[in-house]
Amino acid sequence: MSQTYQLTVTYTQGQTLATWSLDGTPQEDGGSFDVLPGDKVTFEFNGPGDVAECVLISGQMQPHCHGSSPFTEGNRINLKANSTVTIGKYSGKWGFTISISAYNGDDSTAFYYLSDPEVVVGSRPCD
């Protein structure tokens with residue numbers, strides 16, 4: 001049976017780096033979480049202004065992982081259009097980053113960055 005995880009990205013005006021929590025528990029930069037194939041991750045964004053654009057980019061953390069993303073949606077995902085992603089069928093460890101632009105009150109945007117969460121798929125590494 002698949003599980004859905006809530007990953008919340010929090011950004012603060014005047015600070016470029018965002019922070020994250022998983023199912024309400026704050027995580028460290030570079031922290032990781034374990035999932036199984038078929039699980040889902042829903043992204044939520046908390047910060048000033050509405051999100052204008054939001055992109056997730058993923059990459060392999062181990063040399064023998066299959067593909068550049070653990071997500072069935074690919075390694076460049078528009079999270080504004082698709083805030084829930086699905087974990088693919090391959091085991092391994094991937095890192096990802098999220099770039100956010102959010103509207104300021106004056107029709108300009110500010111940029112925020114979540115630098116390095118990692119997701120581990122399956123019960124063992126792929127190498």
# chains A, B, ... in the order shown; residues from 1 in each chain; ligands from 1
>>> residues_around(residues="range 71-77 of chain A", least_positions_apart="4", cutoff="8 Å", atoms="only C-alpha atoms", output="VMD selection string")
chain A and resid 55 to 59 82 85 to 88
>>> residues_around(residues="Ser21 in chain A", least_positions_apart="2", cutoff="8 Å", atoms="only C-alpha atoms", output="number ranges by chain")
A: 7-9, 19, 23-27
>>> write_last_selection(atoms="N, CA, C and O atoms", output="PDB file, in the first residue's frame")
ATOM      1  N   LEU A   7       5.770  17.266   2.154  1.00  0.00           N
ATOM      2  CA  LEU A   7       7.024  17.996   2.274  1.00  0.00           C
ATOM      3  C   LEU A   7       6.698  19.481   2.185  1.00  0.00           C
ATOM      4  O   LEU A   7       6.186  19.943   1.171  1.00  0.00           O
ATOM      5  N   THR A   8       6.951  20.200   3.270  1.00  0.00           N
ATOM      6  CA  THR A   8       6.636  21.628   3.337  1.00  0.00           C
ATOM      7  C   THR A   8       7.919  22.433   3.214  1.00  0.00           C
ATOM      8  O   THR A   8       8.870  22.208   3.967  1.00  0.00           O
ATOM      9  N   VAL A   9       7.940  23.341   2.253  1.00  0.00           N
ATOM     10  CA  VAL A   9       9.070  24.239   2.038  1.00  0.00           C
ATOM     11  C   VAL A   9       8.684  25.598   2.614  1.00  0.00           C
ATOM     12  O   VAL A   9       7.648  26.158   2.250  1.00  0.00           O
ATOM     13  N   THR A  19      13.860  26.374   4.106  1.00  0.00           N
ATOM     14  CA  THR A  19      13.977  25.195   4.960  1.00  0.00           C
ATOM     15  C   THR A  19      12.845  24.234   4.606  1.00  0.00           C
ATOM     16  O   THR A  19      11.906  24.601   3.892  1.00  0.00           O
ATOM     17  N   ASP A  23       6.201  15.807   6.847  1.00  0.00           N
ATOM     18  CA  ASP A  23       5.071  15.432   7.704  1.00  0.00           C
ATOM     19  C   ASP A  23       5.107  16.180   9.031  1.00  0.00           C
ATOM     20  O   ASP A  23       4.859  15.620  10.100  1.00  0.00           O
ATOM     21  N   GLY A  24       5.483  17.476   8.962  1.00  0.00           N
ATOM     22  CA  GLY A  24       5.477  18.342  10.127  1.00  0.00           C
ATOM     23  C   GLY A  24       6.748  18.329  10.962  1.00  0.00           C
ATOM     24  O   GLY A  24       6.866  19.090  11.911  1.00  0.00           O
ATOM     25  N   THR A  25       7.723  17.480  10.624  1.00  0.00           N
ATOM     26  CA  THR A  25       8.972  17.403  11.374  1.00  0.00           C
ATOM     27  C   THR A  25      10.063  18.157  10.627  1.00  0.00           C
ATOM     28  O   THR A  25      10.383  17.792   9.491  1.00  0.00           O
ATOM     29  N   PRO A  26      10.649  19.195  11.237  1.00  0.00           N
ATOM     30  CA  PRO A  26      11.718  19.958  10.568  1.00  0.00           C
ATOM     31  C   PRO A  26      12.895  19.053  10.205  1.00  0.00           C
ATOM     32  O   PRO A  26      13.255  18.149  10.956  1.00  0.00           O
ATOM     33  N   GLN A  27      13.477  19.313   9.026  1.00  0.00           N
ATOM     34  CA  GLN A  27      14.598  18.526   8.523  1.00  0.00           C
ATOM     35  C   GLN A  27      15.819  19.425   8.328  1.00  0.00           C
ATOM     36  O   GLN A  27      15.680  20.620   8.081  1.00  0.00           O
TER      37      GLN A  27
END
>>> residues_around(residues="range 50-52 of chain A", least_positions_apart="4", cutoff="10 Å", atoms="only C-alpha atoms", output="list in words")
Phe45, Asn46, Leu79, Lys80, Ile100, Ser101, Ala102, Tyr103, Asn104, Gly105, Thr109, Ala110 and Phe111 of chain A
>>> residues_around(residues="Gly14 in chain A", least_positions_apart="2", cutoff="12 Å", atoms="only C-alpha atoms", output="short mmCIF file (atom, residue, chain, number, x, y, z; two decimals) with N, CA and C atoms, in the first residue's frame")
data_model
loop_
_atom_site.label_atom_id
_atom_site.label_comp_id
_atom_site.auth_asym_id
_atom_site.auth_seq_id
_atom_site.Cartn_x
_atom_site.Cartn_y
_atom_site.Cartn_z
N TYR A 11 9.89 29.51 3.18
CA TYR A 11 10.82 30.56 2.76
C TYR A 11 10.44 31.86 3.46
N THR A 12 11.47 32.68 3.72
CA THR A 12 11.30 33.91 4.50
C THR A 12 11.89 35.07 3.72
N THR A 16 17.58 33.89 1.32
CA THR A 16 17.54 33.15 0.06
C THR A 16 17.27 31.67 0.27
N LEU A 17 17.88 31.08 1.30
CA LEU A 17 17.73 29.65 1.51
C LEU A 17 16.44 29.33 2.26
N ALA A 18 15.70 28.39 1.72
CA ALA A 18 14.46 27.91 2.34
C ALA A 18 14.79 26.73 3.25
N GLY A 47 5.32 30.92 2.81
CA GLY A 47 6.17 32.09 2.79
C GLY A 47 5.39 33.30 2.33
N PRO A 48 6.07 34.45 2.29
CA PRO A 48 5.38 35.67 1.87
C PRO A 48 5.08 35.66 0.38
N ASN A 104 6.28 39.64 -4.66
CA ASN A 104 6.35 40.63 -3.60
C ASN A 104 5.08 41.47 -3.69
N ALA A 110 10.70 37.70 -5.68
CA ALA A 110 11.90 37.35 -4.92
C ALA A 110 12.16 35.87 -5.16
N PHE A 111 13.43 35.48 -5.07
CA PHE A 111 13.81 34.10 -5.35
C PHE A 111 14.29 33.42 -4.08
N TYR A 112 13.90 32.14 -3.95
CA TYR A 112 14.26 31.32 -2.80
C TYR A 112 14.73 29.96 -3.32
#
>>> closest_residue(among="A:Asn78, A:Tyr5, A:Glu28, A:His64", to="Thr42 in chain A", atoms="only C-alpha atoms")
A:Tyr5
>>> residues_around(residues="Thr84 in chain A", least_positions_apart="5", cutoff="7 Å", atoms="only C-alpha atoms", output="list in words")
Lys40, Val41, Thr42 and Phe43 of chain A
>>> write_last_selection(atoms="N, CA, C and O atoms", output="PDB file, in the first residue's frame")
ATOM      1  N   LYS A  40       3.856   8.672  -2.782  1.00  0.00           N
ATOM      2  CA  LYS A  40       3.686  10.012  -3.327  1.00  0.00           C
ATOM      3  C   LYS A  40       4.260  11.038  -2.362  1.00  0.00           C
ATOM      4  O   LYS A  40       4.295  10.807  -1.151  1.00  0.00           O
ATOM      5  N   VAL A  41       4.720  12.161  -2.912  1.00  0.00           N
ATOM      6  CA  VAL A  41       5.192  13.276  -2.117  1.00  0.00           C
ATOM      7  C   VAL A  41       4.422  14.507  -2.570  1.00  0.00           C
ATOM      8  O   VAL A  41       4.416  14.844  -3.759  1.00  0.00           O
ATOM      9  N   THR A  42       3.737  15.151  -1.633  1.00  0.00           N
ATOM     10  CA  THR A  42       3.008  16.380  -1.909  1.00  0.00           C
ATOM     11  C   THR A  42       3.816  17.548  -1.360  1.00  0.00           C
ATOM     12  O   THR A  42       4.218  17.533  -0.202  1.00  0.00           O
ATOM     13  N   PHE A  43       4.054  18.540  -2.212  1.00  0.00           N
ATOM     14  CA  PHE A  43       4.832  19.713  -1.830  1.00  0.00           C
ATOM     15  C   PHE A  43       3.896  20.861  -1.485  1.00  0.00           C
ATOM     16  O   PHE A  43       2.946  21.139  -2.216  1.00  0.00           O
TER      17      PHE A  43
END
>>> atom_distance(atom1="CA of Asp107 in chain A", atom2="CA of Thr10 in chain A")
20.8 Å
>>> select_by_dssp(residues="chain A", states="strand (DSSP E)", output="PyMOL selection string")
chain A and resi 4-10+19-22+25-27+32-35+40-46+51-60+76-78+84-86+92-103+109-114+118-121
>>> atom_distance(atom1="CA of Met61 in chain A", atom2="CA of Pro117 in chain A")
11.0 Å
>>> closest_residue(among="A:Ser68, A:Ser115, A:Gln62, A:Ser83", to="Ile98 in chain A", atoms="only C-alpha atoms")
A:Ser115
>>> closest_residue(among="A:Glu53, A:Glu118, A:Glu44, A:Asp106", to="Gln6 in chain A", atoms="only C-alpha atoms")
A:Glu44
>>> closest_residue(among="A:Cys54, A:Cys65, A:Val121, A:Ala81", to="Thr97 in chain A", atoms="only C-alpha atoms")
A:Cys54
>>> atom_distance(atom1="CA of Ser2 in chain A", atom2="CA of Asp29 in chain A")
26.0 Å
>>> closest_residue(among="A:Ser108, A:Tyr113, A:Gly122, A:Ser69", to="Ser91 in chain A", atoms="only C-alpha atoms")
A:Gly122
>>> closest_residue(among="A:His66, A:Leu22, A:Gln60, A:Phe96", to="Asp34 in chain A", atoms="only C-alpha atoms")
A:Leu22
